[in-house]
Amino acid sequence: MESAQTYRCDGCGSEYRVLGDPQPKVVCRNCDREATLCGTAAAQRAYHVGYTRYREARRQLSDALSTVEDGEMTLARGSFDNAATDFEASVEEFTTAVREAEDDTLADQAEQARKKATCLWQAAEWLSGMTFASEQGETDQATTYRQDAENRLQAAREYGTVPRPDEVLQTAEVEIQSEA
């Protein structure tokens with residue numbers, strides 16, 4: 001059975017249900033602007049992209065922490081900055097997933113992921129500040145930044161693990177089937 005996906009015009013807001021091609025180009029018949037994917041399919045796509053960026057940011061954050069332990073502050077700062085950028089991008093995608101989700105399970109899991117990624121984004125920024133302050137010989141400021149980062153890391157732990165996209169989809173499908 002083919003599933004229909006919903007597209008919304010970026011100009012006038014008209015909606016179109018499309019069967020078949022998973023990513024067709026849909027042009028609005030009312031205003032000739034392109035319509036983009038919306039609803040659950042858009043939420044799932046955004047969650048997947050957000051998760052990919054989140055995983056890369058986690059890797060960069062771990063690498064940066066190891067680099068700090070090796071005493072390479074300048075190199076660590078670059079990695080913390082890269083991690084912060086990817087966490088920020090993941091937050092934007094998870095936010096889109098929350099906004100577009102049509103079922104509560106997907107929206108809830110995307111919201112939890114958004115909150116955790118936000119905490120880690122903030123921690124990466126504080127850790128970048130810590131490395132800069134350390135390079136400048138400002139040990140008190142570096143200590144303050146590190147404590148702020150540790151607080152954000154602790155807050156991130158409270159949100160648990162971010163589920164893989166396939167886990168989110170399976171949970172949402174089970175919930176929909178149990179409601180039927």
# chains A, B, ... in the order shown; residues from 1 in each chain; ligands from 1

$ residues_around --residues "Thr95 (chain A)" --least-positions-apart "5" --cutoff "8 Å" --atoms "only C-alpha atoms" --output "JSON, numbers by chain"
{"A": [110, 111, 114]}

$ residues_around --residues "Thr74 (chain A)" --least-positions-apart "5" --cutoff "8 Å" --atoms "only C-alpha atoms" --output "PyMOL selection string"
chain A and resi 131-132+135

$ select_by_dssp --residues "region 3-130 of chain A" --states "alpha helix (DSSP H)" --output "VMD selection string"
chain A and resid 40 to 69 73 to 100 104 to 130

$ atom_distance --atom1 "CA of Asp70 (chain A)" --atom2 "CA of Cys119 (chain A)"
24.6 Å

$ closest_residue --among "A:Ser66, A:Tyr47, A:Glu100, A:Ala84" --to "Tyr7 (chain A)" --atoms "only C-alpha atoms"
A:Glu100

$ atom_distance --atom1 "CA of Thr161 (chain A)" --atom2 "CA of Val49 (chain A)"
16.6 Å

$ closest_residue --among "A:Leu120, A:Met73, A:Ala42, A:Cys12" --to "Ala133 (chain A)" --atoms "only C-alpha atoms"
A:Met73

$ select_by_dssp --residues "region 11-163 of chain A" --states "strand (DSSP E or B)" --output "NGL selection string"
:A and (15-18 or 26-27 or 34-38)

$ residues_around --residues "Ala124 (chain A)" --least-positions-apart "4" --cutoff "12 Å" --atoms "only C-alpha atoms" --output "PyMOL selection string"
chain A and resi 57-65+76-88+117-120+128-131+145-146+148-153+156
